[in-house]
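Engineer: My file is my_file.csv. It has CSV, C-alpha atoms:
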```csv
chain,number,residue,atom,x,y,z
A,1,MET,CA,109.3,83.4,45.1
A,2,ALA,CA,106.1,85.1,43.9
A,3,ASN,CA,104.5,84.3,47.2
A,4,ASP,CA,107.5,85.7,49.0
A,5,ARG,CA,107.1,88.9,47.0
A,6,ARG,CA,103.4,89.2,47.8
A,7,ALA,CA,104.1,88.7,51.5
A,8,GLN,CA,106.8,91.3,51.4
A,9,PHE,CA,104.5,93.7,49.6
A,10,GLU,CA,101.8,93.1,52.2
A,11,LEU,CA,104.3,93.8,55.0
A,12,TYR,CA,105.4,97.0,53.2
A,13,LYS,CA,101.8,98.1,52.6
A,14,LEU,CA,101.0,97.6,56.3
A,15,TYR,CA,103.9,99.5,57.7
A,16,SER,CA,105.4,101.9,55.1
A,17,LYS,CA,103.1,104.8,55.8
A,18,GLY,CA,103.7,104.8,59.5
A,19,MET,CA,107.4,104.3,59.1
A,20,TYR,CA,107.7,107.0,56.5
A,21,ASN,CA,106.1,109.5,58.8
A,22,VAL,CA,108.4,108.5,61.7
A,23,CYS,CA,111.3,109.1,59.3
A,24,MET,CA,110.0,112.3,57.8
A,25,ARG,CA,109.5,113.9,61.2
A,26,MET,CA,113.1,113.3,61.9
A,27,VAL,CA,114.9,114.1,58.6
A,28,ASN,CA,112.5,116.8,57.2
A,29,ASN,CA,113.1,115.8,53.6
A,30,GLU,CA,111.0,113.6,51.4
A,31,ILE,CA,113.8,112.2,49.2
A,32,ASP,CA,116.0,111.4,52.2
A,33,ALA,CA,113.0,109.8,54.0
A,34,GLU,CA,112.2,107.7,51.0
A,35,ASP,CA,115.8,106.5,50.6
A,36,ILE,CA,115.8,105.5,54.3
A,37,ILE,CA,112.5,103.7,54.0
A,38,GLN,CA,113.8,101.8,50.9
A,39,ASN,CA,117.0,100.8,52.7
A,40,SER,CA,115.1,100.0,55.9
A,41,PHE,CA,112.6,97.6,54.2
A,42,MET,CA,115.5,95.9,52.4
A,43,ASP,CA,117.1,95.4,55.9
A,44,VAL,CA,113.7,94.1,57.2
A,45,PHE,CA,113.4,91.6,54.4
A,46,SER,CA,117.0,90.4,54.6
A,47,LYS,CA,116.9,90.1,58.4
A,48,LEU,CA,113.4,88.8,58.8
A,49,HIS,CA,114.7,85.4,59.8
A,50,MET,CA,116.4,87.1,62.8
A,51,PHE,CA,113.1,88.5,64.2
A,52,LYS,CA,112.7,86.7,67.5
A,53,PHE,CA,109.1,87.6,68.4
A,54,GLU,CA,110.4,89.4,71.5
A,55,SER,CA,108.5,92.5,70.4
A,56,SER,CA,105.8,93.1,67.8
A,57,ILE,CA,106.9,93.1,64.2
A,58,GLY,CA,105.9,96.7,64.0
A,59,ALA,CA,108.1,97.7,66.9
A,60,TRP,CA,111.0,95.7,65.3
A,61,ILE,CA,110.6,97.4,61.9
A,62,LYS,CA,110.3,100.8,63.6
A,63,ARG,CA,113.6,100.2,65.4
A,64,ILE,CA,115.3,99.4,62.1
A,65,VAL,CA,113.9,102.6,60.6
A,66,ILE,CA,114.9,104.7,63.5
A,67,ASN,CA,118.4,103.2,63.6
A,68,ASN,CA,118.8,103.9,59.9
A,69,THR,CA,117.5,107.4,60.4
A,70,ILE,CA,119.9,108.1,63.2
A,71,ASN,CA,122.8,106.8,61.2
A,72,PHE,CA,121.7,109.0,58.3
A,73,LEU,CA,121.5,112.0,60.6
A,74,LYS,CA,124.9,111.2,62.1
A,75,LYS,CA,126.4,111.2,58.7
A,76,ARG,CA,124.8,114.6,58.3
A,77,ARG,CA,126.6,115.6,61.5
A,78,LEU,CA,123.9,115.2,64.0
A,79,GLN,CA,125.4,116.1,67.3
A,80,ILE,CA,123.9,115.3,70.6
A,81,SER,CA,126.7,115.7,73.0
A,82,GLU,CA,126.7,114.9,76.7
A,83,LEU,CA,125.8,117.9,78.8
A,84,ASN,CA,127.4,118.9,82.1
A,85,ASP,CA,125.5,118.5,85.3
A,86,GLN,CA,124.1,122.0,85.3
A,87,LEU,CA,122.8,121.7,81.8
A,88,GLN,CA,121.3,118.3,82.5
A,89,MET,CA,118.7,119.9,84.7
A,90,PRO,CA,115.3,119.9,83.0
A,91,VAL,CA,114.2,123.4,82.1
A,92,GLU,CA,111.2,125.0,83.5
A,93,GLN,CA,108.1,124.5,81.3
A,94,GLU,CA,105.3,126.9,80.7
A,95,GLU,CA,101.9,125.7,79.7
A,96,ILE,CA,100.9,126.7,76.2
A,97,ASP,CA,97.6,128.3,75.3
A,98,ASP,CA,95.4,125.5,74.1
A,99,ARG,CA,94.1,127.8,71.3
A,100,HIS,CA,97.5,127.8,69.8
A,101,LEU,CA,97.7,124.0,69.6
A,102,GLU,CA,96.8,122.7,66.2
A,103,ILE,CA,98.3,119.8,64.2
A,104,ASN,CA,99.9,122.2,61.7
A,105,SER,CA,101.3,124.5,64.3
A,106,VAL,CA,103.0,121.6,66.0
A,107,LYS,CA,104.3,120.2,62.7
A,108,LYS,CA,105.7,123.5,61.7
A,109,ALA,CA,107.4,123.9,65.0
A,110,LEU,CA,109.0,120.5,64.7
A,111,VAL,CA,110.4,121.4,61.3
A,112,LYS,CA,112.1,124.4,62.9
A,113,LEU,CA,113.8,122.5,65.7
A,114,PRO,CA,117.5,121.8,65.5
A,115,ASP,CA,118.1,118.1,64.5
A,116,GLY,CA,119.2,117.0,68.0
A,117,TYR,CA,116.1,118.4,69.7
A,118,ARG,CA,113.8,117.1,67.0
A,119,VAL,CA,115.2,113.5,67.2
A,120,VAL,CA,114.8,113.3,71.0
A,121,PHE,CA,111.4,115.0,71.0
A,122,ASN,CA,110.1,112.6,68.3
A,123,LEU,CA,111.4,109.5,69.9
A,124,TYR,CA,109.8,110.4,73.2
A,125,ALA,CA,106.6,112.2,72.4
A,126,PHE,CA,105.7,110.5,69.2
A,127,GLU,CA,107.3,107.1,69.2
A,128,GLY,CA,106.9,106.3,72.9
A,129,TYR,CA,110.5,105.4,73.8
A,130,ASP,CA,111.6,106.1,77.3
A,131,HIS,CA,114.8,108.1,78.0
A,132,LYS,CA,116.8,105.1,78.8
A,133,GLU,CA,116.0,103.6,75.3
A,134,ILE,CA,116.6,106.9,73.6
A,135,GLY,CA,120.0,107.2,75.3
A,136,LYS,CA,120.9,103.7,73.9
A,137,ILE,CA,119.6,104.6,70.4
A,138,ILE,CA,121.5,107.9,70.0
A,139,GLY,CA,124.4,107.1,72.3
A,140,VAL,CA,123.9,109.5,75.2
A,141,THR,CA,123.0,109.1,78.9
A,142,GLU,CA,119.4,109.0,80.1
A,143,ALA,CA,120.0,112.3,81.8
A,144,THR,CA,121.1,114.0,78.6
A,145,SER,CA,118.1,112.6,76.8
A,146,LYS,CA,115.8,114.0,79.5
A,147,SER,CA,117.4,117.4,79.3
A,148,GLN,CA,117.4,117.5,75.5
A,149,TYR,CA,113.7,116.6,75.6
A,150,SER,CA,112.8,119.3,78.1
A,151,ARG,CA,114.7,121.9,76.1
A,152,ALA,CA,113.1,120.7,72.8
A,153,LYS,CA,109.6,120.9,74.3
A,154,LYS,CA,110.3,124.4,75.6
A,155,LYS,CA,111.6,125.5,72.2
A,156,ILE,CA,108.5,124.0,70.4
A,157,LYS,CA,106.2,126.0,72.7
A,158,GLU,CA,108.2,129.2,72.0
A,159,ILE,CA,108.0,128.6,68.2
A,160,ILE,CA,104.2,127.9,68.3
A,161,LYS,CA,103.6,131.0,70.4
A,162,SER,CA,105.8,133.2,68.1
A,163,ASP,CA,104.2,131.8,64.9
A,164,PHE,CA,100.8,132.5,66.4
A,165,VAL,CA,101.7,136.1,67.2
A,166,GLU,CA,103.1,136.6,63.7
A,167,SER,CA,99.9,135.2,62.1
A,168,ILE,CA,97.7,137.8,63.8
B,1,MET,CA,102.2,115.3,81.1
B,2,ASP,CA,101.6,118.9,79.9
B,3,ASN,CA,99.0,120.1,77.4
B,4,LEU,CA,101.4,119.9,74.4
B,5,GLU,CA,102.1,116.2,75.2
B,6,ASN,CA,98.4,115.6,75.7
B,7,PHE,CA,97.6,117.2,72.5
B,8,ILE,CA,100.1,115.0,70.6
B,9,ASN,CA,98.8,111.8,72.3
B,10,GLU,CA,95.2,112.6,71.5
B,11,ASN,CA,95.9,113.5,67.9
B,12,ARG,CA,98.7,111.1,67.3
B,13,SER,CA,97.3,109.5,64.1
B,14,SER,CA,96.6,112.9,62.5
B,15,PHE,CA,100.3,113.5,62.5
B,16,ASP,CA,100.9,110.5,60.2
B,17,ASP,CA,99.4,112.1,57.1
B,18,LYS,CA,102.2,111.7,54.6
B,19,VAL,CA,102.4,108.8,52.2
B,20,PRO,CA,105.6,107.5,50.5
B,21,ASN,CA,105.9,107.8,46.8
B,22,LEU,CA,104.9,104.6,44.9
B,23,GLU,CA,108.4,104.5,43.4
B,24,VAL,CA,109.7,103.4,46.8
B,25,TRP,CA,108.1,100.0,46.5
B,26,ALA,CA,109.1,99.8,42.8
B,27,LYS,CA,112.8,100.4,43.8
B,28,ILE,CA,112.5,97.8,46.7
B,29,ASN,CA,111.0,95.3,44.3
B,30,ASP,CA,113.8,95.9,41.8
B,31,GLN,CA,116.4,95.5,44.5
B,32,LEU,CA,114.8,92.2,45.7
B,33,GLU,CA,114.7,90.9,42.1
B,34,GLN,CA,118.4,91.8,41.7
B,35,ASN,CA,119.3,90.1,45.0
B,36,SER,CA,117.4,87.0,44.1
B,37,LYS,CA,119.2,86.5,40.8
B,38,PRO,CA,122.3,84.8,42.1
B,39,LYS,CA,120.2,82.2,43.9
B,40,VAL,CA,118.2,81.5,40.8
B,41,ARG,CA,121.3,81.2,38.7
B,42,HIS,CA,122.8,79.0,41.3
B,43,LEU,CA,120.0,76.5,41.1
B,44,ARG,CA,120.0,76.7,37.3
B,45,MET,CA,123.7,76.0,37.4
B,46,TYR,CA,123.2,72.7,39.2
B,47,THR,CA,120.4,71.6,36.8
B,48,TYR,CA,122.5,72.8,33.9
B,49,ALA,CA,125.6,70.9,35.0
B,50,THR,CA,123.6,67.7,35.5
B,51,ARG,CA,122.1,68.0,32.1
B,52,ILE,CA,125.5,68.5,30.6
B,53,ALA,CA,126.8,65.4,32.4
B,54,ALA,CA,123.9,63.4,31.1
B,55,ALA,CA,124.2,64.8,27.6
B,56,CYS,CA,127.9,64.1,27.6
B,57,LEU,CA,127.3,60.4,28.2
B,58,LEU,CA,124.5,60.2,25.6
B,59,LEU,CA,126.6,61.9,23.0
B,60,PHE,CA,129.5,59.7,23.7
B,61,VAL,CA,127.6,56.5,23.5
B,62,GLY,CA,125.4,57.6,20.5
B,63,ALA,CA,128.0,59.3,18.4
B,64,PHE,CA,131.0,57.2,19.1
B,65,GLY,CA,131.2,56.0,15.5
B,66,SER,CA,132.0,59.3,13.9
B,67,TYR,CA,135.5,60.2,15.0
B,68,LYS,CA,137.2,63.6,15.1
B,69,TYR,CA,140.4,64.6,16.7
B,70,PHE,CA,140.1,66.0,20.1
B,71,GLN,CA,141.2,69.6,20.1
B,72,VAL,CA,143.2,70.4,23.2
B,73,ASP,CA,143.5,74.0,22.1
B,74,ASN,CA,139.8,74.6,22.7
B,75,LEU,CA,140.1,73.3,26.2
B,76,ASP,CA,142.4,75.9,27.7
B,77,VAL,CA,141.7,76.1,31.4
B,78,VAL,CA,139.6,79.2,32.1
B,79,SER,CA,141.6,82.2,33.1
B,80,ILE,CA,140.4,83.4,36.4
B,81,GLY,CA,141.1,86.1,38.8
B,82,ILE,CA,140.1,84.3,41.9
B,83,ASP,CA,143.3,85.2,43.7
B,84,GLU,CA,142.2,88.9,43.5
B,85,ILE,CA,138.5,88.4,44.3
B,86,ALA,CA,138.7,85.7,46.9
B,87,PRO,CA,142.3,84.9,47.8
B,88,GLU,CA,141.2,82.5,50.6
B,89,TYR,CA,140.0,80.2,47.8
B,90,ALA,CA,142.9,80.7,45.4
B,91,GLU,CA,144.7,77.5,46.5
B,92,GLU,CA,141.7,75.3,46.4
B,93,VAL,CA,140.8,76.6,42.9
B,94,ALA,CA,144.3,76.1,41.7
B,95,VAL,CA,144.2,72.4,42.8
B,96,TYR,CA,140.9,71.9,40.9
B,97,GLN,CA,142.2,73.7,37.9
B,98,GLN,CA,145.2,71.5,37.8
B,99,ALA,CA,143.0,68.4,38.1
B,100,VAL,CA,140.8,69.5,35.2
B,101,SER,CA,143.9,70.3,33.2
B,102,LEU,CA,145.4,66.8,33.7
B,103,LYS,CA,142.2,65.1,32.8
B,104,MET,CA,141.8,67.1,29.6
B,105,ASN,CA,145.4,66.2,28.7
B,106,LYS,CA,144.6,62.6,29.3
B,107,LEU,CA,141.5,62.7,27.2
B,108,ALA,CA,143.5,64.4,24.4
B,109,ASN,CA,145.5,61.1,24.0
B,110,TYR,CA,142.4,59.4,22.7
B,111,LYS,CA,141.1,59.7,19.3
B,112,SER,CA,137.5,59.6,20.2
B,113,VAL,CA,135.0,62.0,19.0
B,114,TYR,CA,133.6,63.7,21.8
B,115,LYS,CA,132.5,67.2,21.8
B,116,VAL,CA,133.5,67.7,25.4
B,117,SER,CA,135.3,70.9,24.5
B,118,GLU,CA,131.9,72.7,23.9
B,119,ASP,CA,130.6,71.5,27.2
B,120,MET,CA,133.7,72.6,29.0
B,121,LEU,CA,133.5,76.0,27.4
B,122,GLN,CA,129.9,76.3,28.6
B,123,LEU,CA,130.9,75.4,32.1
B,124,ASP,CA,133.7,77.9,31.8
B,125,GLU,CA,131.2,80.6,30.8
B,126,ALA,CA,129.1,79.7,33.9
B,127,PHE,CA,132.2,79.9,36.0
B,128,ASP,CA,133.0,83.4,34.6
B,129,GLU,CA,129.5,84.5,35.3
B,130,LEU,CA,129.8,83.3,38.9
B,131,LEU,CA,133.1,85.1,39.2
B,132,LYS,CA,131.5,88.3,38.1
B,133,GLU,CA,128.7,87.9,40.6
B,134,LEU,CA,131.3,87.3,43.3
B,135,GLU,CA,132.6,90.8,42.8
B,136,SER,CA,129.3,92.4,43.3
B,137,VAL,CA,127.3,90.3,45.8
B,138,PRO,CA,127.0,91.4,49.4
B,139,TYR,CA,129.5,89.7,51.8
B,140,SER,CA,126.8,87.4,53.2
B,141,ARG,CA,126.3,85.8,49.8
B,142,ARG,CA,130.0,85.2,49.0
B,143,THR,CA,130.1,81.7,50.5
B,144,GLN,CA,127.1,80.6,48.4
B,145,ILE,CA,128.8,81.8,45.2
B,146,LEU,CA,132.2,80.4,46.2
B,147,ASN,CA,130.5,77.0,46.8
B,148,ALA,CA,128.9,77.2,43.3
B,149,LEU,CA,132.4,77.9,41.9
B,150,ILE,CA,133.8,74.8,43.5
B,151,SER,CA,130.7,72.8,42.3
B,152,ASN,CA,131.5,74.0,38.8
B,153,PHE,CA,134.9,72.4,39.0
B,154,GLU,CA,133.5,69.3,40.5
B,155,ASN,CA,131.0,69.1,37.7
B,156,LYS,CA,133.8,69.5,35.1
B,157,ILE,CA,135.8,66.7,36.8
B,158,ASN,CA,132.8,64.4,37.0
B,159,VAL,CA,132.1,64.9,33.3
B,160,LEU,CA,135.7,64.3,32.4
B,161,ASP,CA,135.9,61.2,34.6
B,162,LYS,CA,132.9,59.7,33.0
B,163,VAL,CA,134.1,60.4,29.5
B,164,ILE,CA,137.6,59.1,30.3
B,165,GLU,CA,136.1,55.9,31.8
B,166,GLU,CA,133.9,55.3,28.7
B,167,VAL,CA,136.8,56.1,26.3
B,168,GLU,CA,139.2,53.8,28.2
B,169,SER,CA,136.8,50.9,28.0
B,170,THR,CA,135.8,51.2,24.4
B,171,ASP,CA,138.7,53.0,22.7
B,172,SER,CA,141.7,51.1,24.0
B,173,GLU,CA,143.3,51.0,20.6
B,174,SER,CA,143.3,54.8,20.1
B,175,ILE,CA,146.6,55.5,21.8
B,176,ASN,CA,148.3,52.8,19.7
B,177,LYS,CA,146.7,54.2,16.5
B,178,ILE,CA,147.9,57.8,17.3
B,179,GLN,CA,151.4,56.5,18.1
B,180,ASP,CA,151.4,54.6,14.8
B,181,GLU,CA,150.4,57.7,12.9
B,182,ILE,CA,153.1,59.8,14.6
B,183,SER,CA,155.7,57.2,13.8
B,184,LEU,CA,154.7,57.2,10.2
```
Kindly transcribe the structure held in the file into structure tokens.

Structural biologist:
Amino acid sequence: MANDRRAQFELYKLYSKGMYNVCMRMVNNEIDAEDIIQNSFMDVFSKLHMFKFESSIGAWIKRIVINNTINFLKKRRLQISELNDQLQMPVEQEEIDDRHLEINSVKKALVKLPDGYRVVFNLYAFEGYDHKEIGKIIGVTEATSKSQYSRAKKKIKEIIKSDFVESI
Amino acid sequence: MDNLENFINENRSSFDDKVPNLEVWAKINDQLEQNSKPKVRHLRMYTYATRIAAACLLLFVGAFGSYKYFQVDNLDVVSIGIDEIAPEYAEEVAVYQQAVSLKMNKLANYKSVYKVSEDMLQLDEAFDELLKELESVPYSRRTQILNALISNFENKINVLDKVIEEVESTDSESINKIQDEISL
């Protein structure tokens, strides 16, 4: 039992920081993120026997954390609805001035995004899921995920630009 | 890939700068401890029941000389709410309960001193404890607890069977004695 607990703590130590940041970027709240991490690691420890080595253990844990985060956001009325054909078209993107790109400016812009945009943007740009996988995770089509991502990216650029102008 | 995506890719690790509060692990640890309790108790229960069975036999053999009347009142079958907590096991539990009750009544006909009542009460306490756990454990652990409940009955029956067997072989006159006392 003591050995089990040590092994569980080692696993927690290895992945908790990364998973906490994944979660924080999506829920924007430390207390909520900590609750999700706590529940997710309890899920990890209780389902460890179900891990089939089809992916890395990190990817498996991340999927549990992301599923729990999406469930949490859905309870908080996260709504990513299917878009009609016209709205599914990716929006035109402008390049952003490299001088405006800083870690903090991107982080601040992410916080200001609506939940739906933030989730899709995070899953694609930060966590490396493709749109097909994102569609499965949040329950929308691949096209909707692509469109949401495109709109989220445009919005982030606008926020960064506007924050930069305000700071001058 | 545009310059925003490139920027994120190149600086990916710098975005992971937050650390969860130490309390998170403390809470997980508490929860793991809590969840592991039924398992520990379950194992203890088996050890405990085996010890009781062994102690029962020793007590009987060792202390057979000093007689006391067997108190049926102390051996009331435990009152349980299994039909509310796990109705699918209610029938099985009722059968066991009846078997225990019959054996206790049979044992009550003998005049032997045997402190089986205390052992039965201890097993009853263990049963009540398991029943409480059954109300709070996650669904996945119910079968484990229910099996422990059934084992509890089996242990009671085993203890009673062994005692009855011993009593019958060495105390064959008891029934006659009791009947004589009643007739007086």

Engineer: If you take all atoms listed in the file and a cut-off of 7 Å, which residues of chain B touch chain A, and what are their nearest atom pairs and distances in Å to one decimal, in chain and number order, as a tab-separated table?

Structural biologist:
```
residue	atom	partner	partner_atom	distance
B:Asp2	CA	A:Glu95	CA	6.8
B:Asn3	CA	A:Glu95	CA	6.7
B:Glu5	CA	A:Ala125	CA	6.6
B:Phe15	CA	A:Ile103	CA	6.8
B:Asp16	CA	A:Asn21	CA	5.5
B:Lys18	CA	A:Asn21	CA	6.1
B:Val19	CA	A:Lys17	CA	5.4
B:Pro20	CA	A:Tyr20	CA	6.4
B:Val24	CA	A:Gln38	CA	6.0
B:Ile28	CA	A:Gln38	CA	5.9
```

Engineer: Work out how far apart atom CA of Phe164 of chain A and atom CA of Leu123 of chain A are and give it in Å to one decimal.

Structural biologist: 25.6 Å

Engineer: If you measure from atom CA of Lys75 of chain A to atom CA of Pro114 of chain A, what distance in Å do you get, rounded to one decimal?

Structural biologist: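 Atom CA of Pro114 of chain A lies 15.4 Å from atom CA of Lys75 of chain A.
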
Engineer: By how many Å are atom CA of Gly58 of chain A and atom CA of Asn122 of chain A apart?

Structural biologist: 17.0 Å

Engineer: Can you tell me, as a list in words, what residues are no more than 10 Å from Ile150 of chain B when counting all atoms listed in the file, ignoring any on the same chain fewer than 6 positions away?

Structural biologist: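 In the requested form, the answer reads Tyr89, Glu92, Val93, Tyr96, Phe127 and Lys156 of chain B.
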
Engineer: Which is closest to Glu165 of chain B among B:Glu33, B:Lys106, B:Asp17, B:Ala94, if we use only C-alpha atoms?

Structural biologist: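 For Glu165 of chain B, the nearest of the candidates is B:Lys106.
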